[in-house]
Amino acid sequence: MLSTANKLPSGTIRFSSKVVFIEESSFYKLVHLADGTIIKTKALIGCDGVNSVVAKWLGFKAPAFTGRPTIRGWMNFKSNHGFEPKIMQFMGMGFRSGFLPNDDTSIYWFLSSNEKDMEDDPAKLKQFALSKLANGPDEIKAIVENTELEYIMLSPLRYRHPWDLIWGNISKGNVCVLGDAFHPMTPDIGQGACSALEDCIVLARCLAGALLTKEQSGESTEKVASESEQYKKIEMGLKNHAKERRWRGIVLISTAYVVGFFQQGDGKLTTFLRDKLLAAFLSSLLLKRADYDCGKPNIS
């Protein structure tokens, strides 16, 4: 991240800068940061995560808790761990766990449970994970056992209700949201970061289409426009982005919730449906949502 940031003009990225509130000023937005800094912007793109201040300004409610907290861990090995580069998943009554090598010497793991009132104590979280994986392979249990406590954390899984996206303002004026600020979803289909990248591609295409005009020579140029004209063009670009991405966000949130609900079900009916009828369907649904082409930026 730092090596990439160093290639940009000084001040392009402000680290550890929390947005406190947003103020309107004619055709601009004034973004107030916790350190007192005020940033004046022609377009405000909220990529500020699940607790987005920008989403709140647009009128979205805070994302809802699924009732499924997740323990997350990161294990660093002193040498090659020997695992293949593929995810290993384990499911039981009311829990689901996964282990994914990041490279040859580290593994990310998680355990999602239906236990709503888990204590945020790394030592207790480790023991809880080991108790759930008691019947699992020894090499998997060893990963959890050897994970240092400072690399274990508890995360509540939250998501935005799909109907909030049906009626909500994904954009308003020269403001819009992307990624988790737009469509926070459970990680059950692995499309959170992927969909955020899709948002960026579509946003670039929509803004370029609104701001750039085709001259007779065939080259795209940005015409000198008044503040009012620029505002209207930006507004139209963000509206087009919201229109194109709204349904995709609704489908991903809904799919992730349903897949997680059945994969982690602890009732007799949900367990029967998952194990006897829906296993193949849920797998195909996951792959189908990943097989998506958002198009190219087309900004030149």
# chains A, B, ... in the order shown; residues from 1 in each chain; ligands from 1
call {"tool": "select_by_dssp", "arguments": {"residues": "range 9-184 of chain A", "states": "alpha helix (DSSP H)", "output": "number ranges by chain"}}
result
A: 53-58, 122-132, 138-145, 162-167
call {"tool": "write_last_selection", "arguments": {"atoms": "N, CA, C and O atoms", "output": "short mmCIF file (atom, residue, chain, number, x, y, z; two decimals), in the first residue's frame"}}
result
data_model
loop_
_atom_site.label_atom_id
_atom_site.label_comp_id
_atom_site.auth_asym_id
_atom_site.auth_seq_id
_atom_site.Cartn_x
_atom_site.Cartn_y
_atom_site.Cartn_z
N VAL A 53 -19.95 7.00 7.10
CA VAL A 53 -20.55 8.29 7.39
C VAL A 53 -21.27 8.83 6.16
O VAL A 53 -22.31 9.48 6.26
N VAL A 54 -20.70 8.53 4.98
CA VAL A 54 -21.31 8.98 3.73
C VAL A 54 -22.65 8.29 3.50
O VAL A 54 -23.64 8.92 3.09
N ALA A 55 -22.71 6.98 3.76
CA ALA A 55 -23.97 6.25 3.61
C ALA A 55 -25.03 6.81 4.56
O ALA A 55 -26.21 6.93 4.19
N LYS A 56 -24.63 7.14 5.76
CA LYS A 56 -25.56 7.73 6.73
C LYS A 56 -26.07 9.07 6.21
O LYS A 56 -27.26 9.40 6.34
N TRP A 57 -25.18 9.87 5.60
CA TRP A 57 -25.58 11.16 5.04
C TRP A 57 -26.59 10.98 3.91
O TRP A 57 -27.51 11.79 3.76
N LEU A 58 -26.44 9.88 3.16
CA LEU A 58 -27.37 9.59 2.07
C LEU A 58 -28.72 9.09 2.58
O LEU A 58 -29.68 8.99 1.81
N PRO A 122 -9.51 -13.03 23.17
CA PRO A 122 -8.78 -13.91 22.23
C PRO A 122 -8.52 -15.31 22.76
O PRO A 122 -8.64 -16.29 22.02
N ALA A 123 -8.17 -15.44 24.04
CA ALA A 123 -7.88 -16.76 24.62
C ALA A 123 -9.14 -17.62 24.63
O ALA A 123 -9.11 -18.81 24.28
N LYS A 124 -10.26 -17.03 25.03
CA LYS A 124 -11.52 -17.77 25.06
C LYS A 124 -12.02 -18.07 23.65
O LYS A 124 -12.62 -19.12 23.40
N LEU A 125 -11.77 -17.14 22.72
CA LEU A 125 -12.18 -17.36 21.33
C LEU A 125 -11.41 -18.54 20.73
O LEU A 125 -11.97 -19.36 20.00
N LYS A 126 -10.13 -18.63 21.06
CA LYS A 126 -9.33 -19.75 20.56
C LYS A 126 -9.86 -21.07 21.10
O LYS A 126 -10.02 -22.04 20.34
N GLN A 127 -10.15 -21.12 22.37
CA GLN A 127 -10.66 -22.36 22.97
C GLN A 127 -12.02 -22.72 22.40
O GLN A 127 -12.33 -23.91 22.19
N PHE A 128 -12.85 -21.72 22.14
CA PHE A 128 -14.16 -21.98 21.56
C PHE A 128 -14.00 -22.58 20.16
O PHE A 128 -14.68 -23.57 19.82
N ALA A 129 -13.09 -22.01 19.36
CA ALA A 129 -12.85 -22.53 18.01
C ALA A 129 -12.34 -23.98 18.06
O ALA A 129 -12.77 -24.84 17.29
N LEU A 130 -11.44 -24.25 18.99
CA LEU A 130 -10.90 -25.61 19.12
C LEU A 130 -11.98 -26.60 19.54
O LEU A 130 -11.98 -27.76 19.09
N SER A 131 -12.91 -26.15 20.38
CA SER A 131 -13.98 -27.05 20.82
C SER A 131 -14.90 -27.40 19.65
O SER A 131 -15.38 -28.54 19.55
N LYS A 132 -15.14 -26.45 18.77
CA LYS A 132 -16.00 -26.70 17.62
C LYS A 132 -15.30 -27.60 16.59
O LYS A 132 -15.94 -28.36 15.86
N ASP A 138 -6.09 -33.11 12.68
CA ASP A 138 -5.12 -32.61 13.64
C ASP A 138 -4.35 -31.41 13.10
O ASP A 138 -4.06 -30.46 13.84
N GLU A 139 -4.02 -31.43 11.79
CA GLU A 139 -3.24 -30.32 11.23
C GLU A 139 -4.04 -29.03 11.19
O GLU A 139 -3.48 -27.92 11.24
N ILE A 140 -5.38 -29.15 11.11
CA ILE A 140 -6.24 -27.97 11.14
C ILE A 140 -6.34 -27.41 12.55
O ILE A 140 -6.22 -26.19 12.78
N LYS A 141 -6.52 -28.30 13.51
CA LYS A 141 -6.59 -27.85 14.90
C LYS A 141 -5.26 -27.23 15.33
O LYS A 141 -5.25 -26.28 16.14
N ALA A 142 -4.17 -27.72 14.79
CA ALA A 142 -2.85 -27.19 15.14
C ALA A 142 -2.70 -25.73 14.68
O ALA A 142 -2.02 -24.93 15.33
N ILE A 143 -3.34 -25.39 13.56
CA ILE A 143 -3.28 -24.01 13.07
C ILE A 143 -3.91 -23.07 14.08
O ILE A 143 -3.34 -22.03 14.42
N VAL A 144 -5.09 -23.45 14.57
CA VAL A 144 -5.77 -22.62 15.57
C VAL A 144 -4.97 -22.58 16.86
O VAL A 144 -4.77 -21.51 17.46
N GLU A 145 -4.50 -23.73 17.31
CA GLU A 145 -3.76 -23.83 18.57
C GLU A 145 -2.50 -22.96 18.56
O GLU A 145 -2.15 -22.34 19.57
N PRO A 162 -31.66 -5.93 1.81
CA PRO A 162 -31.84 -5.71 0.36
C PRO A 162 -32.87 -4.64 0.05
O PRO A 162 -32.70 -3.87 -0.91
N TRP A 163 -33.94 -4.57 0.83
CA TRP A 163 -34.99 -3.58 0.54
C TRP A 163 -34.51 -2.15 0.79
O TRP A 163 -35.07 -1.21 0.23
N ASP A 164 -33.45 -1.99 1.60
CA ASP A 164 -32.88 -0.65 1.77
C ASP A 164 -32.25 -0.16 0.47
O ASP A 164 -32.25 1.05 0.20
N LEU A 165 -31.70 -1.09 -0.31
CA LEU A 165 -31.12 -0.70 -1.60
C LEU A 165 -32.20 -0.46 -2.65
O LEU A 165 -31.99 0.30 -3.59
N ILE A 166 -33.34 -1.12 -2.51
CA ILE A 166 -34.42 -0.92 -3.48
C ILE A 166 -34.91 0.53 -3.41
O ILE A 166 -35.11 1.19 -4.44
N TRP A 167 -35.09 1.06 -2.18
CA TRP A 167 -35.66 2.39 -2.01
C TRP A 167 -34.63 3.45 -1.64
O TRP A 167 -34.94 4.64 -1.72
#
call {"tool": "atom_distance", "arguments": {"atom1": "CA of Ile234 in chain A", "atom2": "CA of Tyr159 in chain A"}}
result
28.3 Å
call {"tool": "residues_around", "arguments": {"residues": "Leu178 in chain A", "least_positions_apart": "6", "cutoff": "9 Å", "atoms": "only C-alpha atoms", "output": "PDB file with N, CA, C and O atoms, in the first residue's frame"}}
result
ATOM      1  N   ILE A  45     -17.079  10.376  -3.107  1.00  0.00           N
ATOM      2  CA  ILE A  45     -17.309   8.947  -3.309  1.00  0.00           C
ATOM      3  C   ILE A  45     -17.039   8.246  -1.980  1.00  0.00           C
ATOM      4  O   ILE A  45     -15.888   8.131  -1.557  1.00  0.00           O
ATOM      5  N   GLY A  46     -18.089   7.791  -1.321  1.00  0.00           N
ATOM      6  CA  GLY A  46     -17.943   7.174  -0.006  1.00  0.00           C
ATOM      7  C   GLY A  46     -17.523   5.719  -0.097  1.00  0.00           C
ATOM      8  O   GLY A  46     -18.304   4.858  -0.484  1.00  0.00           O
ATOM      9  N   CYS A  47     -16.266   5.444   0.259  1.00  0.00           N
ATOM     10  CA  CYS A  47     -15.743   4.066   0.317  1.00  0.00           C
ATOM     11  C   CYS A  47     -15.319   3.797   1.760  1.00  0.00           C
ATOM     12  O   CYS A  47     -14.286   3.153   1.991  1.00  0.00           O
ATOM     13  N   ASP A  48     -16.084   4.323   2.704  1.00  0.00           N
ATOM     14  CA  ASP A  48     -15.660   4.320   4.097  1.00  0.00           C
ATOM     15  C   ASP A  48     -16.242   3.176   4.916  1.00  0.00           C
ATOM     16  O   ASP A  48     -16.452   3.291   6.119  1.00  0.00           O
ATOM     17  N   GLY A  49     -16.504   2.050   4.249  1.00  0.00           N
ATOM     18  CA  GLY A  49     -16.786   0.808   4.959  1.00  0.00           C
ATOM     19  C   GLY A  49     -18.174   0.668   5.544  1.00  0.00           C
ATOM     20  O   GLY A  49     -19.081   1.465   5.309  1.00  0.00           O
ATOM     21  N   ILE A 170     -28.530   5.556  -3.389  1.00  0.00           N
ATOM     22  CA  ILE A 170     -27.142   5.136  -3.583  1.00  0.00           C
ATOM     23  C   ILE A 170     -26.308   6.352  -3.980  1.00  0.00           C
ATOM     24  O   ILE A 170     -25.118   6.438  -3.688  1.00  0.00           O
ATOM     25  N   ALA A 196     -16.707  -4.621  -4.873  1.00  0.00           N
ATOM     26  CA  ALA A 196     -16.200  -3.257  -4.717  1.00  0.00           C
ATOM     27  C   ALA A 196     -15.367  -2.858  -5.936  1.00  0.00           C
ATOM     28  O   ALA A 196     -15.442  -1.707  -6.407  1.00  0.00           O
ATOM     29  N   LEU A 197     -14.575  -3.802  -6.460  1.00  0.00           N
ATOM     30  CA  LEU A 197     -13.807  -3.529  -7.677  1.00  0.00           C
ATOM     31  C   LEU A 197     -14.738  -3.322  -8.869  1.00  0.00           C
ATOM     32  O   LEU A 197     -14.491  -2.465  -9.727  1.00  0.00           O
ATOM     33  N   ASP A 199     -17.703  -2.037  -8.657  1.00  0.00           N
ATOM     34  CA  ASP A 199     -18.224  -0.681  -8.465  1.00  0.00           C
ATOM     35  C   ASP A 199     -17.292   0.358  -9.080  1.00  0.00           C
ATOM     36  O   ASP A 199     -17.740   1.309  -9.734  1.00  0.00           O
ATOM     37  N   CYS A 200     -15.995   0.169  -8.844  1.00  0.00           N
ATOM     38  CA  CYS A 200     -15.005   1.137  -9.337  1.00  0.00           C
ATOM     39  C   CYS A 200     -14.984   1.194 -10.861  1.00  0.00           C
ATOM     40  O   CYS A 200     -14.909   2.288 -11.449  1.00  0.00           O
ATOM     41  N   LEU A 203     -18.216   2.891 -12.003  1.00  0.00           N
ATOM     42  CA  LEU A 203     -18.183   4.312 -11.672  1.00  0.00           C
ATOM     43  C   LEU A 203     -17.288   5.081 -12.645  1.00  0.00           C
ATOM     44  O   LEU A 203     -17.660   6.164 -13.123  1.00  0.00           O
TER      45      LEU A 203
END
call {"tool": "closest_residue", "arguments": {"among": "A:Arg248, A:Lys116, A:Lys18, A:Arg96", "to": "Gln191 in chain A", "atoms": "only C-alpha atoms"}}
result
A:Arg248
call {"tool": "closest_atom_pairs", "arguments": {"of": "range 184-289 of chain A", "to": "range 27-31 of chain A", "cutoff": "7 Å", "atoms": "only C-alpha atoms", "output": "tab-separated table"}}
result
residue	atom	partner	partner_atom	distance
A:Glu227	CA	A:Phe27	CA	6.8
A:Ser228	CA	A:Phe27	CA	6.9
A:Tyr231	CA	A:Phe27	CA	6.2
call {"tool": "residues_around", "arguments": {"residues": "Lys296 in chain A", "least_positions_apart": "2", "cutoff": "10 Å", "atoms": "only C-alpha atoms", "output": "list in words"}}
result
Glu198, Ile201, Val202, Ala204, Arg205, Asp293, Cys294, Asn298 and Ile299 of chain A
call {"tool": "select_by_dssp", "arguments": {"residues": "range 130-198 of chain A", "states": "strand (DSSP E or B)", "output": "PyMOL selection string"}}
result
chain A and resi 152-159+171-172+175-177
call {"tool": "atom_distance", "arguments": {"atom1": "CA of Asp180 in chain A", "atom2": "CA of Leu285 in chain A"}}
result
21.3 Å
call {"tool": "closest_residue", "arguments": {"among": "A:Asn51, A:Ser284, A:Ser155, A:Asn240", "to": "Ser112 in chain A", "atoms": "only C-alpha atoms"}}
result
A:Ser155
call {"tool": "closest_atom_pairs", "arguments": {"of": "range 103-167 of chain A", "to": "range 73-84 of chain A", "cutoff": "10 Å", "atoms": "only C-alpha atoms", "output": "Markdown table"}}
result
| residue | atom | partner | partner_atom | distance |
| --- | --- | --- | --- | --- |
| A:Asp103 | CA | A:Asn80 | CA | 8.8 |
| A:Asp104 | CA | A:Asn80 | CA | 5.1 |
| A:Thr105 | CA | A:Phe77 | CA | 5.0 |
| A:Ser106 | CA | A:Asn76 | CA | 4.5 |
| A:Ile107 | CA | A:Met75 | CA | 5.2 |
| A:Tyr108 | CA | A:Trp74 | CA | 4.7 |
| A:Trp109 | CA | A:Gly73 | CA | 5.2 |
| A:Phe110 | CA | A:Gly73 | CA | 6.1 |
| A:Leu111 | CA | A:Gly73 | CA | 8.8 |
| A:Pro122 | CA | A:Gly73 | CA | 9.6 |
| A:Leu125 | CA | A:Gly73 | CA | 9.9 |
| A:Lys126 | CA | A:Gly73 | CA | 8.9 |
| A:Glu139 | CA | A:Phe83 | CA | 9.8 |
| A:Ile143 | CA | A:Met75 | CA | 6.6 |
| A:Val144 | CA | A:Gly73 | CA | 7.6 |
| A:Glu145 | CA | A:Met75 | CA | 9.5 |
| A:Asn146 | CA | A:Met75 | CA | 7.2 |
| A:Thr147 | CA | A:Met75 | CA | 5.0 |
| A:Glu148 | CA | A:Met75 | CA | 7.3 |
| A:Leu149 | CA | A:Gly73 | CA | 8.6 |
| A:Glu150 | CA | A:Gly73 | CA | 9.0 |
| A:Tyr151 | CA | A:Trp74 | CA | 5.4 |
| A:Ile152 | CA | A:Gly73 | CA | 4.5 |
| A:Met153 | CA | A:Gly73 | CA | 6.6 |
| A:Leu154 | CA | A:Gly73 | CA | 9.0 |
call {"tool": "atom_distance", "arguments": {"atom1": "CA of Pro101 in chain A", "atom2": "CA of Glu119 in chain A"}}
result
27.0 Å
call {"tool": "closest_residue", "arguments": {"among": "A:Ser113, A:Ser52, A:Ser226, A:Gln264", "to": "Phe182 in chain A", "atoms": "only C-alpha atoms"}}
result
A:Ser52
call {"tool": "closest_residue", "arguments": {"among": "A:Arg72, A:Lys40, A:Lys7, A:Lys243", "to": "Glu23 in chain A", "atoms": "only C-alpha atoms"}}
result
A:Lys40
call {"tool": "closest_residue", "arguments": {"among": "A:His161, A:Ala210, A:Lys233, A:Phe272", "to": "Leu252 in chain A", "atoms": "only C-alpha atoms"}}
result
A:His161
call {"tool": "closest_residue", "arguments": {"among": "A:Ser26, A:Asn135, A:Asn6, A:Asn114", "to": "Phe95 in chain A", "atoms": "only C-alpha atoms"}}
result
A:Asn114
call {"tool": "decode", "arguments": {"residues": "range 42-56 of chain A", "atoms": "all heavy atoms", "output": "CSV table (one decimal), in the first residue's frame"}}
result
chain,number,residue,atom,x,y,z
A,42,LYS,N,-15.5,18.3,-5.4
A,42,LYS,CA,-16.6,18.4,-6.5
A,42,LYS,C,-17.4,17.2,-6.5
A,42,LYS,O,-18.6,17.2,-6.8
A,42,LYS,CB,-15.9,18.6,-7.8
A,42,LYS,CG,-15.3,19.9,-8.1
A,42,LYS,CD,-14.7,20.0,-9.5
A,42,LYS,CE,-14.1,21.3,-9.8
A,42,LYS,NZ,-13.5,21.4,-11.2
A,43,ALA,N,-16.8,16.0,-6.1
A,43,ALA,CA,-17.5,14.7,-6.0
A,43,ALA,C,-17.1,14.0,-4.8
A,43,ALA,O,-15.9,13.9,-4.6
A,43,ALA,CB,-17.3,13.9,-7.3
A,44,LEU,N,-18.0,13.5,-4.1
A,44,LEU,CA,-17.7,12.7,-2.8
A,44,LEU,C,-18.1,11.3,-3.0
A,44,LEU,O,-19.3,10.9,-3.2
A,44,LEU,CB,-18.4,13.3,-1.6
A,44,LEU,CG,-18.2,12.6,-0.3
A,44,LEU,CD1,-16.8,12.4,0.1
A,44,LEU,CD2,-19.0,13.3,0.8
A,45,ILE,N,-17.1,10.4,-3.1
A,45,ILE,CA,-17.3,8.9,-3.3
A,45,ILE,C,-17.0,8.2,-2.0
A,45,ILE,O,-15.9,8.1,-1.6
A,45,ILE,CB,-16.4,8.4,-4.4
A,45,ILE,CG1,-16.4,9.3,-5.6
A,45,ILE,CG2,-16.8,6.9,-4.8
A,45,ILE,CD1,-17.7,9.5,-6.3
A,46,GLY,N,-18.1,7.8,-1.3
A,46,GLY,CA,-17.9,7.2,0.0
A,46,GLY,C,-17.5,5.7,-0.1
A,46,GLY,O,-18.3,4.9,-0.5
A,47,CYS,N,-16.3,5.4,0.3
A,47,CYS,CA,-15.7,4.1,0.3
A,47,CYS,C,-15.3,3.8,1.8
A,47,CYS,O,-14.3,3.2,2.0
A,47,CYS,CB,-14.6,3.9,-0.6
A,47,CYS,SG,-14.8,4.5,-2.3
A,48,ASP,N,-16.1,4.3,2.7
A,48,ASP,CA,-15.7,4.3,4.1
A,48,ASP,C,-16.2,3.2,4.9
A,48,ASP,O,-16.5,3.3,6.1
A,48,ASP,CB,-16.0,5.7,4.8
A,48,ASP,CG,-17.4,6.2,4.5
A,48,ASP,OD1,-18.0,5.7,3.5
A,48,ASP,OD2,-17.8,7.1,5.3
A,49,GLY,N,-16.5,2.1,4.2
A,49,GLY,CA,-16.8,0.8,5.0
A,49,GLY,C,-18.2,0.7,5.5
A,49,GLY,O,-19.1,1.5,5.3
A,50,VAL,N,-18.3,-0.4,6.3
A,50,VAL,CA,-19.6,-0.8,6.9
A,50,VAL,C,-20.2,0.3,7.8
A,50,VAL,O,-21.4,0.4,7.9
A,50,VAL,CB,-19.5,-2.2,7.5
A,50,VAL,CG1,-18.7,-2.1,8.8
A,50,VAL,CG2,-20.9,-2.8,7.8
A,51,ASN,N,-19.4,1.1,8.4
A,51,ASN,CA,-19.8,2.1,9.3
A,51,ASN,C,-19.8,3.5,8.6
A,51,ASN,O,-19.5,4.5,9.2
A,51,ASN,CB,-19.0,2.2,10.6
A,51,ASN,CG,-19.1,0.9,11.4
A,51,ASN,OD1,-20.2,0.5,11.7
A,51,ASN,ND2,-18.0,0.4,11.8
A,52,SER,N,-20.1,3.5,7.3
A,52,SER,CA,-19.9,4.7,6.5
A,52,SER,C,-20.7,5.9,7.0
A,52,SER,O,-21.9,5.9,7.2
A,52,SER,CB,-20.4,4.3,5.1
A,52,SER,OG,-20.4,5.4,4.2
A,53,VAL,N,-19.9,7.0,7.1
A,53,VAL,CA,-20.6,8.3,7.4
A,53,VAL,C,-21.3,8.8,6.2
A,53,VAL,O,-22.3,9.5,6.3
A,53,VAL,CB,-19.5,9.3,7.9
A,53,VAL,CG1,-20.1,10.7,8.1
A,53,VAL,CG2,-18.8,8.8,9.2
A,54,VAL,N,-20.7,8.5,5.0
A,54,VAL,CA,-21.3,9.0,3.7
A,54,VAL,C,-22.7,8.3,3.5
A,54,VAL,O,-23.6,8.9,3.1
A,54,VAL,CB,-20.4,8.7,2.5
A,54,VAL,CG1,-21.0,9.2,1.2
A,54,VAL,CG2,-19.0,9.4,2.8
A,55,ALA,N,-22.7,7.0,3.8
A,55,ALA,CA,-24.0,6.2,3.6
A,55,ALA,C,-25.0,6.8,4.6
A,55,ALA,O,-26.2,6.9,4.2
A,55,ALA,CB,-23.8,4.8,3.9
A,56,LYS,N,-24.6,7.1,5.8
A,56,LYS,CA,-25.6,7.7,6.7
A,56,LYS,C,-26.1,9.1,6.2
A,56,LYS,O,-27.3,9.4,6.3
A,56,LYS,CB,-24.9,7.9,8.1
A,56,LYS,CG,-25.8,8.4,9.2
A,56,LYS,CD,-25.0,8.5,10.5
A,56,LYS,CE,-26.0,9.1,11.6
A,56,LYS,NZ,-25.2,9.2,12.9
